[in-house]
Each structure stands twice: as structure tokens, then as C-alpha cells.
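Shown next: protein22.cif, containing mmCIF, C-alpha atoms and all ligand atoms.
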```
data_final
#
loop_
_atom_site.label_atom_id
_atom_site.label_comp_id
_atom_site.auth_asym_id
_atom_site.auth_seq_id
_atom_site.Cartn_x
_atom_site.Cartn_y
_atom_site.Cartn_z
CA MET A 27 114.25 -83.42 42.20
CA THR A 28 112.04 -86.16 43.64
CA LYS A 29 108.34 -85.73 43.07
CA PRO A 30 105.91 -85.68 46.01
CA ARG A 31 104.18 -89.01 46.56
CA VAL A 32 100.43 -88.60 46.11
CA LEU A 33 97.60 -91.06 46.76
CA ILE A 34 94.35 -90.60 44.82
CA THR A 35 91.77 -92.55 46.81
CA ARG A 36 89.15 -93.13 44.06
CA ARG A 37 89.34 -93.22 40.26
CA TRP A 38 89.26 -89.71 38.76
CA PRO A 39 88.53 -88.60 35.19
CA GLU A 40 91.30 -89.91 32.97
CA ALA A 41 92.54 -86.48 31.86
CA VAL A 42 93.16 -85.46 35.46
CA GLU A 43 94.79 -88.74 36.47
CA ARG A 44 97.17 -88.29 33.52
CA ALA A 45 98.02 -84.72 34.47
CA MET A 46 98.51 -85.69 38.12
CA ALA A 47 100.79 -88.58 37.11
CA ALA A 48 102.96 -86.19 35.06
CA ARG A 49 103.33 -83.79 37.98
CA PHE A 50 103.56 -86.16 40.98
CA GLU A 51 104.51 -89.72 41.85
CA VAL A 52 100.92 -90.91 41.87
CA THR A 53 99.37 -94.06 43.32
CA LEU A 54 95.83 -94.87 42.19
CA ASN A 55 93.20 -96.95 43.95
CA GLU A 56 92.78 -99.19 40.89
CA ALA A 57 89.88 -101.13 42.46
CA ASP A 58 88.05 -97.83 43.15
CA ARG A 59 86.80 -99.15 46.51
CA PRO A 60 86.32 -96.82 49.49
CA MET A 61 89.25 -97.05 51.89
CA THR A 62 89.04 -97.95 55.58
CA SER A 63 90.49 -96.01 58.54
CA ALA A 64 93.33 -98.54 58.68
CA ASP A 65 94.06 -97.92 54.99
CA PHE A 66 94.24 -94.20 55.72
CA ARG A 67 96.57 -94.62 58.70
CA ALA A 68 98.90 -96.61 56.41
CA ALA A 69 98.55 -93.99 53.66
CA PHE A 70 99.35 -91.12 56.05
CA ALA A 71 102.60 -92.89 56.93
CA THR A 72 103.57 -93.30 53.28
CA PHE A 73 102.36 -90.40 51.10
CA ASP A 74 103.15 -86.69 51.03
CA ALA A 75 99.61 -85.89 49.89
CA VAL A 76 96.37 -87.83 50.05
CA CYS A 77 93.44 -86.80 47.83
CA PRO A 78 90.18 -88.14 49.30
CA THR A 79 86.53 -87.73 48.34
CA VAL A 80 83.20 -87.66 50.15
CA THR A 81 83.14 -91.49 50.30
CA ASP A 82 86.27 -91.53 52.48
CA LYS A 83 85.26 -91.46 56.12
CA LEU A 84 88.23 -89.64 57.60
CA GLY A 85 87.03 -89.63 61.20
CA PRO A 86 89.23 -89.47 64.33
CA GLU A 87 90.28 -93.16 63.94
CA ALA A 88 91.91 -92.42 60.60
CA PHE A 89 94.19 -89.90 62.31
CA ASP A 90 95.00 -92.20 65.23
CA LEU A 91 98.68 -92.68 64.35
CA ALA A 92 101.89 -91.60 66.04
CA GLN A 93 103.48 -89.67 63.23
CA GLY A 94 102.53 -89.28 59.62
CA ARG A 95 104.30 -88.21 56.45
CA THR A 96 101.25 -86.62 54.80
CA LYS A 97 101.33 -82.84 54.75
CA VAL A 98 98.25 -82.04 52.69
CA LEU A 99 94.79 -83.51 52.08
CA GLY A 100 93.52 -82.33 48.70
CA ASN A 101 89.84 -83.14 48.92
CA PHE A 102 88.06 -83.81 45.61
CA GLY A 103 84.79 -82.05 46.44
CA VAL A 104 83.53 -78.89 48.06
CA GLY A 105 82.07 -80.49 51.21
CA PHE A 106 84.55 -81.67 53.80
CA SER A 107 82.37 -82.80 56.71
CA HIS A 108 83.77 -86.34 56.21
CA ILE A 109 87.22 -85.13 57.37
CA ASP A 110 88.08 -84.73 61.05
CA LEU A 111 89.77 -81.34 60.75
CA ASP A 112 91.11 -81.52 64.32
CA GLY A 113 92.84 -84.80 63.50
CA ALA A 114 94.31 -83.31 60.32
CA LYS A 115 95.50 -80.20 62.17
CA ARG A 116 97.05 -82.28 64.96
CA HIS A 117 99.24 -83.93 62.32
CA GLY A 118 100.02 -80.59 60.69
CA MET A 119 98.10 -81.48 57.51
CA ALA A 120 96.66 -78.70 55.39
CA VAL A 121 93.20 -79.44 53.96
CA THR A 122 91.86 -78.03 50.68
CA ASN A 123 88.55 -78.40 48.80
CA THR A 124 87.13 -77.60 45.34
CA PRO A 125 84.59 -74.76 45.50
CA ASP A 126 83.10 -72.81 42.54
CA VAL A 127 83.61 -75.41 39.83
CA LEU A 128 80.62 -77.53 40.88
CA SER A 129 78.14 -74.80 41.79
CA ASP A 130 76.30 -74.76 38.45
CA CYS A 131 75.96 -78.53 38.13
CA THR A 132 74.85 -78.96 41.74
CA ALA A 133 72.23 -76.24 41.33
CA ASP A 134 71.13 -77.94 38.09
CA ILE A 135 70.53 -81.17 40.02
CA ALA A 136 68.60 -79.29 42.72
CA MET A 137 66.40 -77.78 39.97
CA THR A 138 66.02 -81.24 38.42
CA LEU A 139 64.83 -82.69 41.74
CA MET A 140 62.51 -79.76 42.37
CA LEU A 141 60.88 -80.06 38.95
CA MET A 142 60.73 -83.85 39.08
CA ALA A 143 59.13 -83.92 42.52
CA ALA A 144 56.67 -81.10 41.78
CA ARG A 145 55.64 -82.48 38.38
CA ARG A 146 55.65 -86.12 39.52
CA ALA A 147 58.18 -87.06 36.83
CA GLY A 148 59.48 -90.13 38.69
CA GLU A 149 55.97 -91.43 39.29
CA GLY A 150 54.98 -90.76 35.70
CA GLU A 151 57.99 -92.53 34.28
CA ARG A 152 57.43 -95.52 36.56
CA GLU A 153 53.80 -95.76 35.47
CA LEU A 154 54.70 -95.59 31.79
CA ARG A 155 57.51 -98.17 31.98
CA ALA A 156 55.24 -100.52 33.94
CA GLY A 157 52.72 -100.35 31.09
CA GLY A 158 50.16 -98.67 33.36
CA TRP A 159 49.52 -95.53 31.25
CA THR A 160 45.97 -95.54 29.89
CA GLY A 161 46.22 -92.22 28.03
CA TRP A 162 45.76 -88.47 28.52
CA ARG A 163 42.97 -87.24 30.76
CA PRO A 164 42.37 -83.92 32.50
CA THR A 165 42.84 -85.38 35.97
CA HIS A 166 45.88 -87.56 35.32
CA MET A 167 48.89 -87.20 37.66
CA ILE A 168 48.26 -83.62 38.66
CA GLY A 169 51.34 -81.94 40.06
CA THR A 170 52.36 -78.60 41.50
CA LYS A 171 53.23 -75.48 39.47
CA VAL A 172 56.82 -74.35 39.98
CA SER A 173 56.88 -71.08 38.01
CA GLY A 174 56.09 -68.10 40.21
CA ALA A 175 56.07 -70.13 43.45
CA THR A 176 58.13 -69.22 46.55
CA LEU A 177 61.46 -70.96 47.03
CA GLY A 178 63.23 -70.91 50.40
CA ILE A 179 66.98 -71.39 50.22
CA ILE A 180 68.82 -72.43 53.39
CA GLY A 181 72.51 -71.58 53.02
CA PHE A 182 73.26 -68.80 50.55
CA GLY A 183 76.80 -69.57 49.45
CA ARG A 184 77.83 -70.17 45.86
CA ILE A 185 75.49 -73.12 45.24
CA GLY A 186 72.54 -71.47 47.01
CA GLN A 187 73.02 -68.42 44.81
CA ALA A 188 73.32 -70.54 41.65
CA MET A 189 69.98 -72.10 42.63
CA ALA A 190 68.43 -68.67 43.22
CA ARG A 191 69.64 -67.47 39.80
CA ARG A 192 67.95 -70.39 38.04
CA ALA A 193 64.76 -70.24 40.08
CA HIS A 194 64.28 -66.47 39.99
CA HIS A 195 65.48 -65.57 36.52
CA GLY A 196 64.40 -68.81 34.82
CA PHE A 197 61.17 -69.64 36.64
CA GLY A 198 60.09 -66.30 38.08
CA MET A 199 60.19 -67.70 41.62
CA LYS A 200 60.15 -65.51 44.70
CA ILE A 201 63.24 -66.22 46.79
CA LEU A 202 63.53 -66.29 50.58
CA VAL A 203 66.92 -66.88 52.12
CA GLN A 204 68.11 -68.11 55.49
CA ASN A 205 71.85 -67.92 56.05
CA ARG A 206 74.17 -67.99 59.08
CA SER A 207 75.45 -64.49 58.37
CA PRO A 208 73.75 -61.46 56.82
CA VAL A 209 73.81 -61.51 53.01
CA ALA A 210 74.81 -58.22 51.36
CA ALA A 211 71.86 -56.22 50.03
CA ASP A 212 73.26 -56.12 46.47
CA VAL A 213 73.62 -59.92 46.44
CA LEU A 214 70.00 -60.38 47.58
CA ALA A 215 68.86 -57.80 45.02
CA ARG A 216 70.47 -59.82 42.22
CA TYR A 217 67.87 -62.57 42.79
CA GLY A 218 65.01 -60.43 44.09
CA ALA A 219 65.59 -62.26 47.38
CA ARG A 220 64.67 -61.43 50.96
CA GLN A 221 66.61 -62.77 53.92
CA VAL A 222 64.76 -64.04 56.98
CA ALA A 223 66.32 -64.51 60.41
CA THR A 224 65.62 -68.15 61.18
CA VAL A 225 64.76 -71.49 59.62
CA GLU A 226 61.47 -71.25 61.55
CA ASP A 227 60.68 -67.98 59.76
CA LEU A 228 61.45 -69.48 56.37
CA LEU A 229 59.73 -72.87 56.37
CA PRO A 230 56.04 -71.87 56.71
CA ALA A 231 56.43 -69.21 54.00
CA CYS A 232 57.64 -71.47 51.17
CA ASP A 233 56.25 -73.74 48.49
CA PHE A 234 59.70 -75.27 47.99
CA VAL A 235 62.68 -75.42 50.37
CA SER A 236 66.15 -76.21 49.03
CA LEU A 237 69.09 -76.97 51.31
CA HIS A 238 72.51 -75.55 50.41
CA CYS A 239 74.19 -75.29 53.81
CA PRO A 240 77.31 -77.24 54.87
CA GLY A 241 76.99 -80.63 56.55
CA GLY A 242 78.81 -81.69 59.71
CA ALA A 243 77.86 -81.76 63.38
CA ALA A 244 76.58 -78.17 63.46
CA ASN A 245 73.86 -78.85 60.88
CA ARG A 246 73.05 -82.48 61.72
CA HIS A 247 69.25 -82.92 61.51
CA LEU A 248 68.74 -79.22 60.88
CA ILE A 249 65.56 -80.46 59.23
CA ASN A 250 63.92 -82.64 61.88
CA ALA A 251 60.33 -83.64 62.70
CA ASP A 252 59.56 -80.29 64.38
CA ARG A 253 60.79 -78.30 61.42
CA LEU A 254 59.11 -80.56 58.86
CA ALA A 255 55.89 -79.82 60.76
CA LEU A 256 56.42 -76.12 60.04
CA MET A 257 56.39 -76.69 56.28
CA ARG A 258 53.18 -76.20 54.33
CA GLY A 259 51.16 -79.36 53.73
CA ASP A 260 51.79 -79.11 49.99
CA ALA A 261 55.43 -77.92 50.11
CA PHE A 262 58.49 -79.77 48.84
CA LEU A 263 61.92 -80.29 50.45
CA ILE A 264 65.01 -80.58 48.24
CA ASN A 265 68.40 -81.71 49.58
CA THR A 266 71.57 -81.58 47.48
CA ALA A 267 73.75 -80.48 50.43
CA ARG A 268 74.65 -83.30 52.80
CA GLY A 269 72.59 -86.26 53.97
CA GLU A 270 73.06 -85.58 57.66
CA VAL A 271 71.25 -82.23 57.36
CA VAL A 272 67.90 -84.06 57.15
CA ASP A 273 66.56 -86.58 59.67
CA GLU A 274 65.66 -89.26 57.13
CA ALA A 275 63.34 -91.19 59.47
CA ALA A 276 61.37 -88.01 60.23
CA LEU A 277 61.22 -87.16 56.52
CA ALA A 278 59.95 -90.66 55.66
CA ASP A 279 57.20 -90.23 58.31
CA ALA A 280 56.20 -86.81 56.97
CA LEU A 281 56.10 -88.11 53.38
CA ALA A 282 54.18 -91.27 54.25
CA ALA A 283 51.61 -89.28 56.23
CA ARG A 284 51.44 -86.69 53.42
CA ARG A 285 52.27 -83.94 55.91
CA ILE A 286 54.35 -82.34 53.15
CA GLY A 287 53.80 -82.47 49.39
CA GLY A 288 56.98 -84.31 48.50
CA ALA A 289 60.77 -84.24 48.45
CA GLY A 290 63.83 -84.65 46.28
CA LEU A 291 67.07 -86.07 47.67
CA ASP A 292 70.50 -86.35 46.06
CA VAL A 293 72.31 -87.05 49.36
CA PHE A 294 71.61 -89.45 52.22
CA GLU A 295 72.49 -89.90 55.87
CA ARG A 296 74.30 -93.23 55.44
CA GLU A 297 75.34 -93.32 51.76
CA PRO A 298 75.09 -95.57 49.85
CA GLN A 299 72.41 -96.95 52.19
CA VAL A 300 68.98 -95.38 51.96
CA THR A 301 66.52 -95.50 54.87
CA ALA A 302 64.17 -98.34 53.90
CA ALA A 303 60.98 -96.35 54.57
CA LEU A 304 62.00 -93.78 51.95
CA MET A 305 61.85 -96.45 49.26
CA ASP A 306 58.09 -96.70 49.77
CA CYS A 307 57.36 -92.99 49.33
CA PRO A 308 55.96 -92.29 45.84
CA ASN A 309 56.09 -88.53 46.45
CA LEU A 310 59.89 -88.65 46.74
CA VAL A 311 62.49 -88.45 43.97
CA MET A 312 65.93 -89.84 44.77
CA LEU A 313 69.23 -89.63 42.89
CA PRO A 314 72.51 -91.34 43.81
CA HIS A 315 74.57 -88.24 44.77
CA LEU A 316 74.86 -86.89 41.21
CA GLY A 317 75.20 -83.17 42.03
CA SER A 318 78.60 -82.66 40.46
CA ALA A 319 78.46 -85.63 38.10
CA THR A 320 79.19 -84.13 34.69
CA ARG A 321 82.42 -84.69 32.82
CA ALA A 322 83.27 -80.98 32.70
CA THR A 323 82.71 -80.52 36.42
CA ARG A 324 84.44 -83.69 37.60
CA GLU A 325 87.48 -82.77 35.47
CA ALA A 326 87.42 -79.24 36.83
CA MET A 327 87.26 -80.62 40.38
CA GLY A 328 90.29 -82.82 39.75
CA PHE A 329 92.30 -79.99 38.22
CA ARG A 330 91.34 -77.81 41.17
CA VAL A 331 92.78 -80.42 43.56
CA MET A 332 95.93 -80.47 41.43
CA GLU A 333 96.18 -76.67 41.61
CA ASN A 334 95.84 -76.78 45.38
CA ILE A 335 98.41 -79.43 46.10
CA SER A 336 100.80 -78.04 43.46
CA ALA A 337 100.66 -74.67 45.20
CA PHE A 338 101.27 -76.40 48.52
CA PHE A 339 104.39 -78.24 47.29
CA ASP A 340 105.62 -75.09 45.52
CA GLY A 341 105.59 -73.36 48.91
CA LYS A 342 102.66 -71.11 48.00
CA ALA A 343 99.27 -70.71 49.70
CA PRO A 344 96.80 -73.25 48.23
CA PRO A 345 93.88 -71.22 46.84
CA ASP A 346 91.19 -73.34 48.55
CA ARG A 347 92.68 -74.08 51.93
CA VAL A 348 89.96 -74.83 54.51
CA ALA A 349 92.27 -75.91 57.37
C1 LIG A 401 80.94 -82.28 47.04
O1 LIG A 401 81.72 -81.73 46.28
O2 LIG A 401 80.92 -82.04 48.24
C2 LIG A 401 80.00 -83.27 46.45
O3 LIG A 401 78.92 -83.54 47.26
C3 LIG A 401 80.67 -84.58 46.14
O4 LIG A 401 81.88 -84.43 45.68
#
```

Output the file's structure as C-alpha cells, nothing else.
Amino acid sequence: MTKPRVLITRRWPEAVERAMAARFEVTLNEADRPMTSADFRAAFATFDAVCPTVTDKLGPEAFDLAQGRTKVLGNFGVGFSHIDLDGAKRHGMAVTNTPDVLSDCTADIAMTLMLMAARRAGEGERELRAGGWTGWRPTHMIGTKVSGATLGIIGFGRIGQAMARRAHHGFGMKILVQNRSPVAADVLARYGARQVATVEDLLPACDFVSLHCPGGAANRHLINADRLALMRGDAFLINTARGEVVDEAALADALAARRIGGAGLDVFEREPQVTAALMDCPNLVMLPHLGSATRATREAMGFRVMENISAFFDGKAPPDRVA
């Protein structure tokens, strides 16, 4: 029996590439460079499955072809706002993602950013490496206490809940939640959390706000200048969700004017570009989209893609079908 032809658009952990190559007729992007829309149109005409990642901009132009061969897009990642689902559906392509397996590591990075921003870890390390540290003193680099503070979580899916678990049970934080739909009382109780109706209700009540909602058009600039103005003057904003959720220019203004205490970002509006004004904000910690970047998680993500597209080609329902 001939094996389905599968394109993997970026390099994956070796163990997964090997397993994929044993199961499918696999083509790798050896150069590991992001593909263009034209590359995708060509790929859709050639492969039975294409396995993209967040760096692949699969907008409407990528689906602008008469007839494709591709039947399934096995996305390596939980977020899929980079894929034009209407375009995929028009060509009869199923789309799958990789939930669950990256929740812990993404929440770990959100905690890292929260602690780093609050305790000025980036600033401190920069000072030390630059040879500017003159020694301990009671007033040196005073930060903000995290333990016992109030954390607002916007988006209470798997990653939001993993964040709440760490913050509440590890750091004794009080948890407020804003979510599109009502969260079950027993789920809130697990984290001692209280749900509020709107983002406007949540922001003024929090010392820290962490974003865990999906990206895409619906949540573009969910955090804008007006909403940043609702945050406390000493509060911190953490974003490990999607870059487009925060208006970066408005955030840079708020940070520069010290209208909020600080921020931590793992994702950006125009990755890998970073709004220039953010570079000048000392009260900001930035990481290059590392949320899921551990070996265990990246392997688990790859195997989850394999499970999804294997199910698809075996005529079964892929476990993580999103379209
Ligand atoms: C995701 O899974 O959406 C991460 O942001 C990148 O893979």
C-alpha cells in the first residue's frame, strides 16, 4: 500500500521526524526556513498532508489554488490563528492541533515571565553582566511581591488553568478569571478562583494579569490603550497567548510612561519582529516564543500531530480536529 505523502514545514525533534518517516512518505524542510504562500500552494497540490507551525502564515492567499491534493493540515501547536480555516474548509482539508501536551510548559513560561518582571530579574542580570553591581543594599532594585497577590487570568482553558494551579497552590495567589463562557463552579473551586463578567471588571482588580485566550481576529488588540488604562499603576501584564492579543504600540506607551508596573511577553504581533519602542522599556521582560520549548513537550507535540494524521488516514476521527 502506498504511504500518504506528508510535508513537515519546519524541522521537528529528531525522534518524531524518524517516527513520521517510518509511517509516511515524508518530505522535510531541510533548510528550516518559513515557507511562503506560493510554497504552500505548491505543497497543497503535491502532498496528502501538510504539517505547519505557528511560523507558517496560512492566510487566504495560501489557499488561492484551483484544486489541491492535501486532505489534512496537522498543525504542530495548539494555536491555529495563523491558518485561514475558511480556505482550508473550502478545499475540504481537515485541520488538527496539539492541545494538552504543552499546557504545563506554557504555564511555566508565564510564571517565569511574571516572576522575572515582578522581581526585576532581567534588569538585575543586565546590571550584573555589565559590571554595574556595587553590592547589596536595602534599597537596591526593589521589586513587587508575587506571593499572595491577585492574579487575573483572561481565558480559562487548559493553559489558563495550569497557570492558576501554579499561582494559587504554589504562590498563594488569589485568582480572578474572565472567560468567554461560564466556568463550572467545581473548576473554579479547584483554584479558589472567582469568575468576573468582563475584561473591564477584571483589570482594575488585579496585581498581575495573564493572557491565555486564543488569538485571531476576535481577540485582536483585546488589550488596547483603553484597557491598559484600567490596570493598576503598579500591575503587570503577561502574554504567552498570541501577539495580536496585545496592541504593542499601546503597551510600549504605557510602559514608557510607567502607567503600569511592567510586563512580560513571550509572543509578539509581528514575530520575529519586535516593536522598536519595546526594546527601550526596562520594566519589560521578553522571551522569543519559548512557551512550549522543552524537549519533552516538543516531542509530545510532534507525536500528537502524528496521532492526528494517522487517525485521519486510517479513516478514524482525528482526536484534535478543530475544522
Ligand atoms: C502553540 O502551540 O500555539 C505555540 O504558541 C507554538 O507552537

Residues within 6 Å of ligand LIG 401 (chain A), counting only C-alpha atoms and all ligand atoms, as a PDB file with C-alpha atoms, in the frame of the given file:
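The file below, result.pdb, is the result:
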```pdb
ATOM      1  CA  VAL A  80      83.200 -87.660  50.150  1.00  0.00           C
ATOM      2  CA  GLY A 103      84.790 -82.050  46.440  1.00  0.00           C
ATOM      3  CA  VAL A 104      83.530 -78.890  48.060  1.00  0.00           C
ATOM      4  CA  GLY A 105      82.070 -80.490  51.210  1.00  0.00           C
TER       5      GLY A 105
END
```

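If you measure from each of A:Ile249, A:Gly169, A:Pro345, A:Gln221 to Met332 of chain A using all atoms listed in the file, the closest one turns out to be A:Pro345.
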
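In this model, the gap between atom CA of Ile286 of chain A and atom CA of Leu313 of chain A comes to 19.5 Å.
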
- Could you tell me which of A:Asp65, A:Asp273, A:Asp340, A:Glu226 comes closest to Met257 of chain A if we count all atoms listed in the file? A:Glu226

- Message: From (77.2, -88.6, 45.6), in the file's coordinates, out to 9 Å: which residues are reached, counting only C-alpha atoms? Answer as a PyMOL selection string.
- Response: chain A and resi 80-81+292-294+297-298+313-319

Those residues you just picked out, can you put them in a file as a CSV table (one decimal), in the frame of the given file with C-alpha atoms?
```csv
chain,number,residue,atom,x,y,z
A,80,VAL,CA,83.2,-87.7,50.2
A,81,THR,CA,83.1,-91.5,50.3
A,292,ASP,CA,70.5,-86.4,46.1
A,293,VAL,CA,72.3,-87.0,49.4
A,294,PHE,CA,71.6,-89.4,52.2
A,297,GLU,CA,75.3,-93.3,51.8
A,298,PRO,CA,75.1,-95.6,49.8
A,313,LEU,CA,69.2,-89.6,42.9
A,314,PRO,CA,72.5,-91.3,43.8
A,315,HIS,CA,74.6,-88.2,44.8
A,316,LEU,CA,74.9,-86.9,41.2
A,317,GLY,CA,75.2,-83.2,42.0
A,318,SER,CA,78.6,-82.7,40.5
A,319,ALA,CA,78.5,-85.6,38.1
```

- Excluding Ala349 of chain A and any residue of its chain fewer than 5 positions from it, enumerate the residues within 12 Å of it, using all atoms listed in the file, and give them as a list in words.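 Result of the neighbour search: Lys97, Val98, Leu99, Gly100, Asn101, Phe106, Ile109, Asp110, Leu111, Asp112, Gly113, Ala114, Lys115, Arg116, His117, Gly118, Met119, Ala120, Val121, Thr122, Asn123, Ala343 and Pro344 of chain A.
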
- Considering all atoms listed in the file, return as a PyMOL selection string whatever protein or nucleic-acid residues lie within 12 Å of Ser207 of chain A, sequence-local ones (same chain, fewer than 5 positions apart) excluded. chain A and resi 180-183+221-224+239

- Hey, can you pull every residue with an atom no more than 12 Å from (64.0, -89.4, 59.2), using all atoms listed in the file, and send it as an MDAnalysis selection string? chainID A and resid 246:254 269:282 294:296 300:304

Expected file: the selected residues, C-alpha atoms, as a tab-separated table (two decimals), in the frame of the given file:
```tsv
chain	number	residue	atom	x	y	z
A	246	ARG	CA	73.05	-82.48	61.72
A	247	HIS	CA	69.25	-82.92	61.51
A	248	LEU	CA	68.74	-79.22	60.88
A	249	ILE	CA	65.56	-80.46	59.23
A	250	ASN	CA	63.92	-82.64	61.88
A	251	ALA	CA	60.33	-83.64	62.70
A	252	ASP	CA	59.56	-80.29	64.38
A	253	ARG	CA	60.79	-78.30	61.42
A	254	LEU	CA	59.11	-80.56	58.86
A	269	GLY	CA	72.59	-86.26	53.97
A	270	GLU	CA	73.06	-85.58	57.66
A	271	VAL	CA	71.25	-82.23	57.36
A	272	VAL	CA	67.90	-84.06	57.15
A	273	ASP	CA	66.56	-86.58	59.67
A	274	GLU	CA	65.66	-89.26	57.13
A	275	ALA	CA	63.34	-91.19	59.47
A	276	ALA	CA	61.37	-88.01	60.23
A	277	LEU	CA	61.22	-87.16	56.52
A	278	ALA	CA	59.95	-90.66	55.66
A	279	ASP	CA	57.20	-90.23	58.31
A	280	ALA	CA	56.20	-86.81	56.97
A	281	LEU	CA	56.10	-88.11	53.38
A	282	ALA	CA	54.18	-91.27	54.25
A	294	PHE	CA	71.61	-89.45	52.22
A	295	GLU	CA	72.49	-89.90	55.87
A	296	ARG	CA	74.30	-93.23	55.44
A	300	VAL	CA	68.98	-95.38	51.96
A	301	THR	CA	66.52	-95.50	54.87
A	302	ALA	CA	64.17	-98.34	53.90
A	303	ALA	CA	60.98	-96.35	54.57
A	304	LEU	CA	62.00	-93.78	51.95
```

- Item | Among the residues A:Arg163, A:Arg36, A:Arg216, A:Arg49, the one that comes closest to Ile335 of chain A [using all atoms listed in the file] | A:Arg49

- Distance criterion (all atoms listed in the file): nearest to Thr35 of chain A out of A:Ala71, A:Ala47, A:Cys77, A:Ala322: A:Cys77

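Of the listed residues (A:Ser336, A:Thr323, A:Asn309, A:Thr79), A:Asn309 comes nearest to Thr170 of chain A; the distances count only C-alpha atoms.
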
Emit segment 175-188 of chain A of the structure in the block as a file comprising N, CA and C atoms, as an mmCIF file, in the first residue's frame.
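Just written: result_21.cif:
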```
data_model
loop_
_atom_site.group_PDB
_atom_site.id
_atom_site.type_symbol
_atom_site.label_atom_id
_atom_site.label_comp_id
_atom_site.auth_asym_id
_atom_site.auth_seq_id
_atom_site.Cartn_x
_atom_site.Cartn_y
_atom_site.Cartn_z
ATOM 1 N N ALA A 175 -0.485 37.846 46.050
ATOM 2 C CA ALA A 175 -1.078 38.923 45.240
ATOM 3 C C ALA A 175 -2.258 38.372 44.424
ATOM 4 N N THR A 176 -2.979 39.272 43.735
ATOM 5 C CA THR A 176 -4.140 38.845 42.939
ATOM 6 C C THR A 176 -3.749 38.720 41.470
ATOM 7 N N LEU A 177 -4.029 37.550 40.924
ATOM 8 C CA LEU A 177 -3.734 37.276 39.510
ATOM 9 C C LEU A 177 -5.039 37.192 38.728
ATOM 10 N N GLY A 178 -5.156 37.965 37.675
ATOM 11 C CA GLY A 178 -6.300 37.876 36.766
ATOM 12 C C GLY A 178 -5.917 37.045 35.564
ATOM 13 N N ILE A 179 -6.738 36.064 35.253
ATOM 14 C CA ILE A 179 -6.447 35.182 34.117
ATOM 15 C C ILE A 179 -7.538 35.386 33.068
ATOM 16 N N ILE A 180 -7.129 35.804 31.876
ATOM 17 C CA ILE A 180 -8.098 36.007 30.788
ATOM 18 C C ILE A 180 -8.001 34.804 29.859
ATOM 19 N N GLY A 181 -9.072 34.015 29.805
ATOM 20 C CA GLY A 181 -9.064 32.763 29.050
ATOM 21 C C GLY A 181 -8.749 31.634 30.003
ATOM 22 N N PHE A 182 -9.768 30.815 30.335
ATOM 23 C CA PHE A 182 -9.569 29.803 31.367
ATOM 24 C C PHE A 182 -9.678 28.390 30.795
ATOM 25 N N GLY A 183 -8.952 28.187 29.692
ATOM 26 C CA GLY A 183 -8.845 26.834 29.127
ATOM 27 C C GLY A 183 -7.752 26.073 29.866
ATOM 28 N N ARG A 184 -7.161 25.114 29.156
ATOM 29 C CA ARG A 184 -6.177 24.238 29.820
ATOM 30 C C ARG A 184 -4.967 25.022 30.334
ATOM 31 N N ILE A 185 -4.465 25.965 29.521
ATOM 32 C CA ILE A 185 -3.245 26.669 29.927
ATOM 33 C C ILE A 185 -3.579 27.668 31.041
ATOM 34 N N GLY A 186 -4.717 28.351 30.916
ATOM 35 C CA GLY A 186 -5.142 29.268 31.973
ATOM 36 C C GLY A 186 -5.272 28.541 33.299
ATOM 37 N N GLN A 187 -5.820 27.340 33.251
ATOM 38 C CA GLN A 187 -5.980 26.569 34.494
ATOM 39 C C GLN A 187 -4.633 26.079 35.039
ATOM 40 N N ALA A 188 -3.719 25.724 34.123
ATOM 41 C CA ALA A 188 -2.379 25.302 34.581
ATOM 42 C C ALA A 188 -1.682 26.481 35.271
#
```
